[in-house]
$ cat protein_14.csv   # CSV, C-alpha atoms
chain,number,residue,atom,x,y,z
A,1,MET,CA,-10.4,-43.7,-15.4
A,2,THR,CA,-10.9,-42.4,-11.9
A,3,LEU,CA,-10.0,-38.8,-11.3
A,4,ASN,CA,-8.5,-37.5,-8.1
A,5,LEU,CA,-9.9,-34.4,-6.4
A,6,SER,CA,-8.3,-32.7,-3.5
A,7,VAL,CA,-8.8,-29.7,-1.3
A,8,SER,CA,-6.2,-27.4,0.3
A,9,PRO,CA,-5.9,-28.4,3.9
A,10,ASP,CA,-6.9,-25.0,5.1
A,11,PHE,CA,-10.6,-25.4,4.4
A,12,PRO,CA,-12.9,-24.8,7.4
A,13,PRO,CA,-13.7,-28.2,9.1
A,14,SER,CA,-17.4,-27.4,9.1
A,15,HIS,CA,-17.3,-27.7,5.3
A,16,LEU,CA,-15.8,-31.2,5.3
A,17,SER,CA,-19.0,-33.0,4.4
A,18,GLY,CA,-19.6,-30.3,1.7
A,19,TRP,CA,-16.5,-31.4,-0.2
A,20,PHE,CA,-17.8,-35.1,-0.2
A,21,ILE,CA,-21.1,-33.8,-1.5
A,22,PHE,CA,-19.3,-31.8,-4.2
A,23,ASN,CA,-17.3,-35.0,-5.1
A,24,THR,CA,-20.6,-36.9,-5.7
A,25,TRP,CA,-22.0,-34.0,-7.8
A,26,LEU,CA,-18.8,-33.9,-9.8
A,27,GLN,CA,-19.0,-37.6,-10.7
A,28,ARG,CA,-22.5,-37.2,-11.9
A,29,GLN,CA,-21.6,-34.2,-14.1
A,30,LEU,CA,-18.6,-35.8,-15.6
A,31,GLY,CA,-19.9,-39.3,-15.8
A,32,THR,CA,-16.7,-40.7,-14.4
A,33,GLY,CA,-15.4,-41.8,-11.1
A,34,VAL,CA,-13.9,-39.1,-8.9
A,35,HIS,CA,-12.0,-39.9,-5.7
A,36,LEU,CA,-11.7,-37.2,-3.0
A,37,GLU,CA,-8.3,-37.3,-1.2
A,38,LEU,CA,-8.0,-35.0,1.8
A,39,TYR,CA,-4.8,-34.1,3.6
A,40,ASP,CA,-3.8,-32.7,7.0
A,41,SER,CA,-0.5,-31.7,5.7
A,42,PHE,CA,0.4,-29.1,3.0
A,43,ASP,CA,3.7,-30.9,2.4
A,44,ALA,CA,2.2,-34.3,1.9
A,45,GLN,CA,-0.4,-32.9,-0.5
A,46,ARG,CA,2.3,-31.1,-2.5
A,47,GLU,CA,4.3,-34.2,-2.8
A,48,ASP,CA,1.3,-36.1,-4.2
A,49,ILE,CA,0.6,-33.2,-6.6
A,50,ARG,CA,4.2,-33.3,-7.8
A,51,ASN,CA,3.9,-37.1,-8.3
A,52,GLY,CA,0.9,-36.6,-10.6
A,53,LYS,CA,-1.7,-38.0,-8.2
A,54,ILE,CA,-4.1,-35.1,-8.2
A,55,ASP,CA,-6.2,-34.0,-11.2
A,56,LEU,CA,-8.4,-31.3,-9.7
A,57,ILE,CA,-7.7,-29.3,-6.6
A,58,TYR,CA,-9.3,-26.5,-4.7
A,59,ALA,CA,-6.0,-24.8,-4.1
A,60,ASN,CA,-4.8,-22.0,-1.9
A,61,PRO,CA,-3.2,-19.1,-3.9
A,62,TYR,CA,0.4,-20.1,-3.2
A,63,ASP,CA,-0.1,-23.6,-4.4
A,64,ALA,CA,-2.1,-22.4,-7.4
A,65,SER,CA,1.0,-20.4,-8.4
A,66,MET,CA,3.1,-23.6,-8.3
A,67,LEU,CA,0.5,-25.7,-10.0
A,68,VAL,CA,0.1,-23.2,-12.9
A,69,ARG,CA,3.7,-22.0,-13.5
A,70,GLU,CA,5.5,-25.3,-12.7
A,71,LEU,CA,3.1,-28.1,-13.4
A,72,GLY,CA,0.9,-26.8,-16.3
A,73,PHE,CA,-2.4,-26.8,-14.4
A,74,LYS,CA,-5.2,-24.5,-15.4
A,75,VAL,CA,-7.2,-22.3,-13.1
A,76,LEU,CA,-10.9,-22.8,-13.9
A,77,VAL,CA,-12.9,-20.9,-11.4
A,78,ARG,CA,-12.8,-18.9,-8.1
A,79,PRO,CA,-15.3,-18.9,-5.4
A,80,ARG,CA,-17.4,-15.7,-5.6
A,81,ASN,CA,-17.0,-13.0,-2.9
A,82,LEU,CA,-14.4,-15.1,-1.0
A,83,SER,CA,-10.9,-13.8,-0.7
A,84,ASP,CA,-8.1,-15.1,1.6
A,85,GLU,CA,-7.4,-12.6,4.4
A,86,THR,CA,-5.1,-13.0,7.3
A,87,LEU,CA,-5.6,-11.8,10.9
A,88,ILE,CA,-3.0,-11.4,13.6
A,89,ALA,CA,-4.5,-11.8,17.1
A,90,THR,CA,-3.2,-11.6,20.6
A,91,LEU,CA,-4.8,-12.2,24.0
A,92,ALA,CA,-7.7,-9.8,24.7
A,93,SER,CA,-5.9,-8.8,28.0
A,94,ASP,CA,-2.6,-8.2,26.3
A,95,PRO,CA,-1.6,-4.5,26.7
A,96,ARG,CA,-0.2,-4.5,23.1
A,97,ALA,CA,-2.8,-2.8,20.9
A,98,GLN,CA,-1.1,-2.6,17.5
A,99,VAL,CA,1.6,-4.4,15.5
A,100,GLU,CA,4.1,-1.6,16.3
A,101,ASP,CA,3.9,-2.5,20.0
A,102,LEU,CA,5.4,-5.9,19.3
A,103,GLU,CA,9.1,-6.4,19.9
A,104,ALA,CA,11.9,-8.7,18.8
A,105,GLY,CA,11.9,-12.0,20.7
A,106,ILE,CA,8.1,-12.7,20.5
A,107,THR,CA,6.7,-16.2,19.9
A,108,VAL,CA,4.4,-16.4,16.8
A,109,ALA,CA,1.9,-19.3,16.7
A,110,THR,CA,1.3,-20.1,13.0
A,111,THR,CA,0.4,-23.0,10.7
A,112,ALA,CA,1.9,-24.4,7.5
A,113,ASP,CA,-0.7,-22.5,5.5
A,114,PRO,CA,1.6,-20.7,3.1
A,115,ASP,CA,-0.6,-17.6,2.3
A,116,VAL,CA,-1.5,-16.9,5.9
A,117,HIS,CA,2.0,-17.3,7.1
A,118,THR,CA,3.5,-15.1,4.4
A,119,MET,CA,0.9,-12.4,4.8
A,120,GLY,CA,1.2,-12.6,8.6
A,121,MET,CA,5.0,-12.0,8.3
A,122,ILE,CA,4.4,-9.1,5.9
A,123,MET,CA,2.1,-7.5,8.5
A,124,LEU,CA,4.8,-7.9,11.2
A,125,GLU,CA,7.4,-6.0,9.0
A,126,SER,CA,6.1,-2.6,10.2
A,127,ALA,CA,7.4,-3.6,13.7
A,128,ASP,CA,10.8,-4.6,12.3
A,129,LEU,CA,10.0,-8.3,12.9
A,130,ASP,CA,11.1,-11.0,10.6
A,131,ALA,CA,12.0,-14.7,10.7
A,132,GLY,CA,15.4,-13.8,12.2
A,133,ASN,CA,14.0,-12.2,15.4
A,134,VAL,CA,10.9,-14.1,16.3
A,135,THR,CA,10.3,-17.7,17.4
A,136,PHE,CA,7.7,-19.8,15.5
A,137,LEU,CA,5.4,-22.3,17.0
A,138,GLU,CA,4.0,-24.2,14.0
A,139,LEU,CA,0.7,-25.9,14.7
A,140,ASP,CA,-1.7,-28.0,12.7
A,141,SER,CA,-4.9,-25.9,13.0
A,142,TYR,CA,-6.2,-22.5,13.9
A,143,VAL,CA,-7.9,-24.0,17.0
A,144,LEU,CA,-4.4,-24.9,18.2
A,145,VAL,CA,-3.1,-21.5,17.3
A,146,ALA,CA,-5.9,-20.0,19.5
A,147,LYS,CA,-5.1,-22.5,22.3
A,148,ALA,CA,-1.4,-21.5,22.2
A,149,LEU,CA,-2.4,-17.9,22.8
A,150,LEU,CA,-4.9,-18.7,25.5
A,151,ASN,CA,-2.3,-20.9,27.3
A,152,GLY,CA,0.3,-18.2,27.1
A,153,ASN,CA,2.6,-20.2,24.8
A,154,ALA,CA,2.6,-17.5,22.1
A,155,ASP,CA,2.5,-13.7,22.0
A,156,VAL,CA,0.6,-13.5,18.7
A,157,GLY,CA,-1.2,-16.0,16.4
A,158,PHE,CA,-1.7,-16.0,12.6
A,159,PHE,CA,-5.1,-16.9,11.4
A,160,LEU,CA,-6.9,-17.3,8.1
A,161,GLN,CA,-9.8,-14.8,8.7
A,162,ALA,CA,-12.3,-17.5,7.8
A,163,GLY,CA,-10.6,-19.8,10.3
A,164,TYR,CA,-10.7,-17.2,13.1
A,165,ASP,CA,-14.4,-16.5,12.3
A,166,GLU,CA,-15.1,-20.3,12.8
A,167,LEU,CA,-13.7,-20.4,16.3
A,168,SER,CA,-16.3,-20.5,19.1
A,169,GLU,CA,-17.4,-17.1,20.4
A,170,LEU,CA,-16.0,-18.1,23.8
A,171,ILE,CA,-12.5,-18.5,22.4
A,172,ARG,CA,-12.8,-15.4,20.2
A,173,LYS,CA,-13.8,-13.3,23.2
A,174,LYS,CA,-10.5,-14.1,24.9
A,175,MET,CA,-8.5,-12.8,21.9
A,176,LYS,CA,-8.3,-9.5,20.0
A,177,PRO,CA,-7.3,-8.9,16.4
A,178,LEU,CA,-4.2,-6.6,16.1
A,179,VAL,CA,-4.5,-6.3,12.3
A,180,ASN,CA,-6.5,-7.8,9.5
A,181,SER,CA,-5.3,-7.9,5.9
A,182,GLN,CA,-7.6,-6.2,3.3
A,183,ILE,CA,-6.2,-7.4,0.0
A,184,GLY,CA,-9.3,-8.7,-1.8
A,185,VAL,CA,-7.5,-10.1,-4.9
A,186,VAL,CA,-5.8,-13.2,-3.4
A,187,HIS,CA,-8.2,-16.2,-3.1
A,188,HIS,CA,-8.5,-19.9,-3.6
A,189,THR,CA,-9.2,-21.4,-7.0
A,190,LEU,CA,-10.3,-24.6,-8.5
A,191,VAL,CA,-7.3,-25.8,-10.6
A,192,ALA,CA,-7.3,-28.7,-13.2
A,193,GLY,CA,-4.4,-30.9,-14.1
A,194,PRO,CA,-3.4,-32.2,-17.5
A,195,ARG,CA,-5.5,-35.4,-17.3
A,196,MET,CA,-8.6,-33.1,-16.9
A,197,GLU,CA,-8.1,-31.5,-20.2
A,198,GLU,CA,-11.0,-33.3,-22.0
A,199,HIS,CA,-13.4,-32.5,-19.2
A,200,ILE,CA,-12.6,-28.8,-18.9
A,201,PRO,CA,-15.3,-27.3,-21.2
A,202,LEU,CA,-18.1,-29.4,-19.7
A,203,LEU,CA,-16.8,-28.8,-16.1
A,204,LEU,CA,-16.6,-25.1,-16.6
A,205,GLU,CA,-20.1,-24.9,-18.0
A,206,ARG,CA,-21.5,-27.0,-15.1
A,207,LEU,CA,-19.5,-25.1,-12.4
A,208,THR,CA,-20.6,-21.6,-13.6
A,209,ASN,CA,-24.2,-22.7,-13.8
A,210,MET,CA,-24.3,-24.5,-10.5
A,211,GLU,CA,-25.9,-21.6,-8.7
A,212,HIS,CA,-28.9,-21.7,-11.2
A,213,ASP,CA,-29.7,-25.3,-10.4
A,214,PRO,CA,-31.5,-26.3,-7.1
A,215,LYS,CA,-29.2,-29.3,-6.6
A,216,GLY,CA,-26.2,-27.3,-7.4
A,217,GLN,CA,-27.3,-24.6,-5.0
A,218,ASP,CA,-27.5,-27.2,-2.2
A,219,VAL,CA,-24.0,-28.4,-3.0
A,220,LEU,CA,-22.6,-24.9,-3.0
A,221,LYS,CA,-24.3,-24.1,0.3
A,222,SER,CA,-22.8,-27.2,1.9
A,223,MET,CA,-19.3,-25.9,0.9
A,224,GLY,CA,-20.1,-22.4,2.2
A,225,LEU,CA,-19.8,-20.9,-1.3
A,226,ASP,CA,-22.1,-18.4,-3.2
A,227,GLY,CA,-21.1,-19.6,-6.6
A,228,TRP,CA,-18.1,-19.9,-9.0
A,229,ASP,CA,-16.8,-17.2,-11.3
A,230,GLN,CA,-14.7,-18.3,-14.3
A,231,MET,CA,-11.0,-17.2,-14.1
A,232,HIS,CA,-9.6,-16.1,-17.4
A,233,GLU,CA,-5.9,-16.7,-18.0
A,234,GLU,CA,-4.9,-13.1,-17.5
A,235,GLN,CA,-6.7,-12.9,-14.1
A,236,THR,CA,-4.8,-16.0,-13.0
A,237,GLU,CA,-1.5,-14.6,-14.2
A,238,PHE,CA,-2.3,-11.3,-12.3
A,239,MET,CA,-2.9,-13.2,-9.1
A,240,ILE,CA,0.3,-15.2,-9.5
A,241,ASP,CA,2.3,-12.1,-10.3
A,242,LEU,CA,0.9,-10.5,-7.1
A,243,ILE,CA,1.9,-13.5,-5.0
A,244,ASP,CA,5.4,-13.4,-6.6
A,245,THR,CA,5.8,-9.9,-5.2
A,246,LEU,CA,5.0,-11.1,-1.7
A,247,ILE,CA,7.5,-14.0,-1.6
A,248,ASP,CA,11.0,-12.9,-0.7
B,1,MET,CA,3.4,11.0,11.1
B,2,SER,CA,7.0,12.0,10.9
B,3,GLU,CA,8.1,14.1,13.9
B,4,GLN,CA,9.9,16.5,11.5
B,5,ASP,CA,6.8,17.4,9.4
B,6,THR,CA,6.2,21.1,9.3
B,7,GLY,CA,3.1,21.1,7.2
B,8,ALA,CA,4.8,23.8,5.0
B,9,ALA,CA,3.6,23.9,1.3
B,10,THR,CA,5.8,24.8,-1.6
B,11,GLU,CA,5.7,24.5,-5.4
B,12,VAL,CA,8.4,22.4,-7.1
B,13,LEU,CA,9.0,21.9,-10.8
B,14,ILE,CA,9.4,18.2,-11.3
B,15,LYS,CA,11.2,17.1,-14.4
B,16,TYR,CA,10.7,13.5,-15.7
B,17,PHE,CA,13.0,11.3,-17.7
B,18,ASP,CA,10.9,11.6,-20.9
B,19,GLY,CA,11.4,15.4,-21.0
B,20,THR,CA,8.0,16.4,-19.6
B,21,GLU,CA,7.7,18.4,-16.4
B,22,ARG,CA,5.1,19.7,-14.0
B,23,LEU,CA,4.8,22.2,-11.3
B,24,ALA,CA,3.7,20.2,-8.2
B,25,LYS,CA,2.5,21.3,-4.9
B,26,ILE,CA,4.6,19.7,-2.1
B,27,VAL,CA,3.3,19.7,1.5
B,28,ASP,CA,5.5,18.5,4.3
B,29,ARG,CA,2.8,16.2,5.8
B,30,GLU,CA,2.9,12.5,6.0
B,31,VAL,CA,-0.2,10.4,5.5
B,32,PRO,CA,0.3,7.1,7.5
B,33,TYR,CA,0.2,3.9,5.5
B,34,PRO,CA,-3.0,2.0,6.5
B,35,ASP,CA,-2.5,-1.3,8.4
B,36,GLY,CA,-3.2,-4.6,6.5
B,37,LYS,CA,-3.6,-3.0,3.1
B,38,LEU,CA,-1.6,-3.6,-0.1
B,39,ILE,CA,-1.4,-1.0,-2.8
B,40,VAL,CA,-1.5,-2.8,-6.1
B,41,SER,CA,-0.9,-1.3,-9.5
B,42,ARG,CA,0.1,-2.5,-12.9
B,43,THR,CA,1.6,-0.7,-15.8
B,44,ASP,CA,2.4,-1.5,-19.4
B,45,SER,CA,6.0,-1.8,-20.5
B,46,GLN,CA,6.3,2.0,-20.8
B,47,GLY,CA,5.2,2.6,-17.2
B,48,ILE,CA,1.6,3.7,-18.1
B,49,ILE,CA,-0.8,2.7,-15.3
B,50,THR,CA,-3.3,0.0,-16.5
B,51,HIS,CA,-4.6,-1.2,-13.1
B,52,ALA,CA,-5.1,0.5,-9.7
B,53,ASN,CA,-6.7,-1.0,-6.7
B,54,ARG,CA,-8.8,0.8,-4.1
B,55,ALA,CA,-5.9,1.2,-1.7
B,56,PHE,CA,-3.9,2.9,-4.4
B,57,ILE,CA,-6.7,5.3,-5.1
B,58,GLU,CA,-7.2,6.1,-1.5
B,59,MET,CA,-3.6,6.7,-0.7
B,60,SER,CA,-2.6,8.6,-3.8
B,61,GLY,CA,-5.6,10.9,-3.6
B,62,TYR,CA,-6.3,10.5,-7.4
B,63,THR,CA,-9.4,9.0,-8.9
B,64,ARG,CA,-9.2,5.7,-10.8
B,65,GLU,CA,-9.9,7.7,-14.0
B,66,GLU,CA,-7.0,10.1,-13.3
B,67,LEU,CA,-4.6,7.2,-12.6
B,68,LEU,CA,-5.4,4.9,-15.6
B,69,GLY,CA,-3.5,6.0,-18.7
B,70,THR,CA,-1.0,8.1,-16.7
B,71,ASN,CA,2.7,7.4,-16.2
B,72,HIS,CA,3.5,5.9,-12.8
B,73,TYR,CA,6.0,8.7,-12.3
B,74,ILE,CA,3.1,11.0,-11.3
B,75,LEU,CA,3.7,9.4,-7.8
B,76,ARG,CA,7.4,10.4,-7.7
B,77,HIS,CA,8.3,12.7,-4.8
B,78,PRO,CA,11.0,15.2,-5.4
B,79,ASP,CA,12.8,14.0,-2.3
B,80,MET,CA,13.4,10.6,-4.0
B,81,PRO,CA,16.8,10.5,-5.7
B,82,VAL,CA,16.9,9.7,-9.4
B,83,VAL,CA,19.4,6.9,-8.7
B,84,ALA,CA,16.8,4.9,-6.7
B,85,PHE,CA,14.6,4.7,-9.7
B,86,LYS,CA,17.5,3.9,-12.0
B,87,ASP,CA,18.2,0.9,-9.8
B,88,LEU,CA,14.6,-0.1,-10.0
B,89,TRP,CA,14.4,0.1,-13.8
B,90,ASP,CA,17.9,-1.5,-14.3
B,91,THR,CA,16.7,-4.4,-12.0
B,92,VAL,CA,13.4,-5.1,-13.6
B,93,ALA,CA,14.9,-4.7,-17.1
B,94,GLN,CA,16.9,-7.8,-16.3
B,95,GLY,CA,13.7,-9.7,-15.5
B,96,LYS,CA,14.4,-9.5,-11.7
B,97,LYS,CA,12.3,-8.4,-8.8
B,98,TRP,CA,13.1,-5.0,-7.2
B,99,GLN,CA,12.4,-4.1,-3.7
B,100,GLY,CA,12.9,-0.8,-1.9
B,101,TYR,CA,11.5,2.0,0.2
B,102,VAL,CA,9.8,4.8,-1.6
B,103,LYS,CA,8.5,8.2,-0.6
B,104,ASN,CA,5.4,8.8,-2.8
B,105,LEU,CA,3.7,12.1,-3.7
B,106,ARG,CA,0.0,12.4,-3.3
B,107,LYS,CA,-2.3,14.5,-5.4
B,108,ASP,CA,-2.8,16.9,-2.5
B,109,GLY,CA,1.0,17.4,-2.1
B,110,ALA,CA,1.4,15.3,1.1
B,111,TYR,CA,3.5,12.1,1.1
B,112,TYR,CA,3.4,8.5,2.2
B,113,TRP,CA,6.2,6.0,2.6
B,114,VAL,CA,5.9,2.4,1.2
B,115,LYS,CA,8.0,-0.7,0.9
B,116,ALA,CA,7.6,-1.4,-2.8
B,117,THR,CA,8.1,-4.5,-4.8
B,118,VAL,CA,8.1,-4.4,-8.6
B,119,ILE,CA,8.2,-7.5,-10.8
B,120,PRO,CA,8.2,-7.7,-14.6
B,121,ASN,CA,5.1,-9.5,-16.1
B,122,ILE,CA,6.3,-12.0,-18.6
B,123,ARG,CA,3.7,-13.6,-20.9
B,124,ASN,CA,4.8,-16.2,-23.5
B,125,GLY,CA,8.4,-15.1,-23.0
B,126,GLU,CA,7.6,-11.4,-23.6
B,127,LEU,CA,7.6,-8.5,-21.2
B,128,VAL,CA,4.1,-7.0,-21.2
B,129,GLY,CA,4.3,-4.8,-18.2
B,130,TYR,CA,5.0,-4.5,-14.5
B,131,THR,CA,3.2,-5.3,-11.3
B,132,SER,CA,3.9,-3.2,-8.2
B,133,VAL,CA,2.8,-4.0,-4.7
B,134,ARG,CA,3.4,-1.6,-1.8
B,135,ARG,CA,3.1,-2.5,1.8
B,136,LYS,CA,3.6,-0.7,5.2
B,137,PRO,CA,7.2,0.0,6.0
B,138,SER,CA,8.6,0.2,9.6
B,139,ARG,CA,9.5,3.6,11.0
B,140,SER,CA,13.1,2.5,11.4
B,141,LYS,CA,13.3,1.7,7.6
B,142,ILE,CA,11.8,5.0,6.8
B,143,LYS,CA,14.4,6.8,8.9
B,144,GLU,CA,17.2,4.9,7.3
B,145,SER,CA,15.8,5.7,3.8
B,146,GLU,CA,15.4,9.4,4.6
B,147,ALA,CA,19.0,9.6,5.7
B,148,LEU,CA,20.3,7.6,2.7
B,149,TYR,CA,18.3,9.4,0.1
B,150,ALA,CA,19.3,12.8,1.5
B,151,THR,CA,22.9,11.9,0.6
B,152,LEU,CA,22.0,10.8,-3.0
B,153,ARG,CA,20.0,13.8,-4.2
$ encode --input "protein_14.csv" --output "structure tokens"
Amino acid sequence: MTLNLSVSPDFPPSHLSGWFIFNTWLQRQLGTGVHLELYDSFDAQREDIRNGKIDLIYANPYDASMLVRELGFKVLVRPRNLSDETLIATLASDPRAQVEDLEAGITVATTADPDVHTMGMIMLESADLDAGNVTFLELDSYVLVAKALLNGNADVGFFLQAGYDELSELIRKKMKPLVNSQIGVVHHTLVAGPRMEEHIPLLLERLTNMEHDPKGQDVLKSMGLDGWDQMHEEQTEFMIDLIDTLID
Amino acid sequence: MSEQDTGAATEVLIKYFDGTERLAKIVDREVPYPDGKLIVSRTDSQGIITHANRAFIEMSGYTREELLGTNHYILRHPDMPVVAFKDLWDTVAQGKKWQGYVKNLRKDGAYYWVKATVIPNIRNGELVGYTSVRRKPSRSKIKESEALYATLR
């Protein structure tokens, strides 16, 4: 049986090859075929998840919530020292220096990335901004969000901090962060579906020991990760509860 | 900072629903909510704090050791009307999410406003506690809440 691996579409493009290398590593560890399916669209990926096409996924925290509570998936591990933080930026030359300087009627460049969009909107609340008094420009990547700012098509842009950091220095110099989230406890996780059940003990053992093995270290490096930490059930429930508080 | 802050310090006897009370120092000074941060805490089903994140420690002025094992009502500011907390507990007791604006009391007597969300934590069908996440409120919501709560005290 070939298993299907997928990755939340918000991973940094520079780590694309890393996920293919991880896929090969995974096949060797499990002794079974693993197919890596990547998506540009969060919606298309969710549809395939709901249709039972995905067995193992590196999920963003919002999708992890759906996978665990609705579809019976299990969170196995989280990437060490890597949490999902959101940044709101504007043009460097923009006179607005803080969120409270923003006013109703602004255009927000955003992506379909659910955690970044939600956290971005939460950080706009202190300026009395909500979905009812801003205009959204939904784009496919953080590069396009930056371009929208630079071209004057948006007042502010929502970025995954990691996505902002990956932009070229030239582009970043033309923007300035208005606010960065500092949450720390919301992060991606590797989540296994029901067909993975028999592989979970072996997979957990191999994932948590990856950093001690030279080949495993190379794979981690290619994905931009330091290592995996096991997620216990209560840690998962805690993160999902926290996300529930953020969704209106 | 609120424009009306006087910095005046008083002592107020705060009585809690469980019959306990404490003499608390109250200082009319707002500590602004930090941008981008979420205050996260969890309690057991009785309201005893079991988890406090760094932002909670920083904003409340208590140490982690002081917070853990203490009832969450230690944060209650005497300007908050009892009816607001009744609404909170009535809502979460029904298994629903509660959201509202809360003036919290710091250990040093100063205060900070939050937009709070509280959800019941259900495990295997049983209530095991509550998670509360606080975020930065807008000035207009604070003003509205101040005016409303003044009529409810």
$ interface_residues --input "protein_14.csv" --of "chain B" --to "chain A" --cutoff "6 Å" --atoms "all atoms listed in the file" --output "NGL selection string"
:B and (36-38 or 117 or 136-138)
$ write_last_selection --input "protein_14.csv" --atoms "C-alpha atoms" --output "mmCIF file, in the coordinates of the input"
data_model
loop_
_atom_site.group_PDB
_atom_site.id
_atom_site.type_symbol
_atom_site.label_atom_id
_atom_site.label_comp_id
_atom_site.auth_asym_id
_atom_site.auth_seq_id
_atom_site.Cartn_x
_atom_site.Cartn_y
_atom_site.Cartn_z
ATOM 1 C CA GLY B 36 -3.200 -4.600 6.500
ATOM 2 C CA LYS B 37 -3.600 -3.000 3.100
ATOM 3 C CA LEU B 38 -1.600 -3.600 -0.100
ATOM 4 C CA THR B 117 8.100 -4.500 -4.800
ATOM 5 C CA LYS B 136 3.600 -0.700 5.200
ATOM 6 C CA PRO B 137 7.200 0.000 6.000
ATOM 7 C CA SER B 138 8.600 0.200 9.600
#
$ atom_distance --input "protein_14.csv" --atom1 "CA of Tyr62 (chain A)" --atom2 "CA of His188 (chain A)"
8.9 Å
$ residues_near_point --input "protein_14.csv" --point "(1.6, 2.9, -6.8)" --cutoff "9 Å" --atoms "only C-alpha atoms" --output "ChimeraX atom specification"
/B:39-42,49,52,56-57,59-60,72,75,104,116,132-134
$ residues_around --input "protein_14.csv" --residues "region 151-168 of chain A" --least-positions-apart "5" --cutoff "9 Å" --atoms "all atoms listed in the file" --output "number ranges by chain"
A: 10-14, 84-91, 94, 102, 106-111, 113, 115-117, 119-121, 136-137, 141-143, 145-146, 173, 178, 180-181
$ atom_distance --input "protein_14.csv" --atom1 "CA of Gln235 (chain A)" --atom2 "CA of Arg50 (chain A)"
24.0 Å
$ residues_near_point --input "protein_14.csv" --point "(-21.3, -23.9, -16.9)" --cutoff "12 Å" --atoms "all atoms listed in the file" --output "list in words"
Gln29, Leu76, Val77, His199, Ile200, Pro201, Leu202, Leu203, Leu204, Glu205, Arg206, Leu207, Thr208, Asn209, Met210, Glu211, His212, Asp213, Gly216, Gly227, Trp228, Asp229 and Gln230 of chain A
$ closest_residue --input "protein_14.csv" --among "B:Arg106, B:Arg123, B:Lys15, B:Gln46" --to "Val27 (chain B)" --atoms "all atoms listed in the file"
B:Arg106
$ atom_distance --input "protein_14.csv" --atom1 "CA of Ser8 (chain A)" --atom2 "CA of Asp140 (chain A)"
13.2 Å
$ residues_around --input "protein_14.csv" --residues "Val82 (chain B)" --least-positions-apart "6" --cutoff "10 Å" --atoms "only C-alpha atoms" --output "list in words"
Tyr16, Phe17, Arg76, Tyr149, Leu152 and Arg153 of chain B
$ residues_around --input "protein_14.csv" --residues "Tyr112 (chain B)" --least-positions-apart "2" --cutoff "10 Å" --atoms "only C-alpha atoms" --output "PyMOL selection string"
chain B and resi 1+29-33+59-60+77+102-106+110+114+136
$ closest_residue --input "protein_14.csv" --among "B:Gln99, B:Lys115, B:Asn121, B:Asp18" --to "Arg139 (chain B)" --atoms "only C-alpha atoms"
B:Lys115
$ residues_around --input "protein_14.csv" --residues "Leu67 (chain A)" --least-positions-apart "5" --cutoff "10 Å" --atoms "only C-alpha atoms" --output "list of chain:residue names"
A:Arg46, A:Ile49, A:Arg50, A:Ile57, A:Ala59, A:Pro61, A:Tyr62, A:Gly72, A:Phe73, A:Lys74, A:Val75, A:Val191, A:Ala192, A:Gly193
$ closest_residue --input "protein_14.csv" --among "B:Tyr62, B:Trp98, B:Ile48, B:Gly109" --to "Glu11 (chain B)" --atoms "only C-alpha atoms"
B:Gly109
$ build_atoms --input "protein_14.csv" --residues "region 18-28 of chain A" --atoms "N, CA and C atoms" --output "tab-separated table (two decimals), in the coordinates of the input"
chain	number	residue	atom	x	y	z
A	18	GLY	N	-19.32	-30.99	2.95
A	18	GLY	CA	-19.60	-30.30	1.70
A	18	GLY	C	-18.74	-30.76	0.55
A	19	TRP	N	-17.47	-31.01	0.84
A	19	TRP	CA	-16.50	-31.40	-0.20
A	19	TRP	C	-16.86	-32.87	-0.68
A	20	PHE	N	-17.36	-33.70	0.22
A	20	PHE	CA	-17.80	-35.10	-0.20
A	20	PHE	C	-19.03	-34.96	-1.09
A	21	ILE	N	-19.92	-34.03	-0.74
A	21	ILE	CA	-21.10	-33.80	-1.50
A	21	ILE	C	-20.75	-33.30	-2.93
A	22	PHE	N	-19.78	-32.39	-2.95
A	22	PHE	CA	-19.30	-31.80	-4.20
A	22	PHE	C	-18.68	-32.96	-5.08
A	23	ASN	N	-17.97	-33.86	-4.42
A	23	ASN	CA	-17.30	-35.00	-5.10
A	23	ASN	C	-18.38	-35.84	-5.84
A	24	THR	N	-19.48	-36.10	-5.13
A	24	THR	CA	-20.60	-36.90	-5.70
A	24	THR	C	-21.19	-36.14	-6.90
A	25	TRP	N	-21.42	-34.85	-6.70
A	25	TRP	CA	-22.00	-34.00	-7.80
A	25	TRP	C	-21.08	-34.03	-9.00
A	26	LEU	N	-19.78	-33.95	-8.74
A	26	LEU	CA	-18.80	-33.90	-9.80
A	26	LEU	C	-18.83	-35.22	-10.64
A	27	GLN	N	-18.93	-36.34	-9.96
A	27	GLN	CA	-19.00	-37.60	-10.70
A	27	GLN	C	-20.18	-37.69	-11.59
A	28	ARG	N	-21.32	-37.19	-11.12
A	28	ARG	CA	-22.50	-37.20	-11.90
A	28	ARG	C	-22.39	-36.29	-13.16
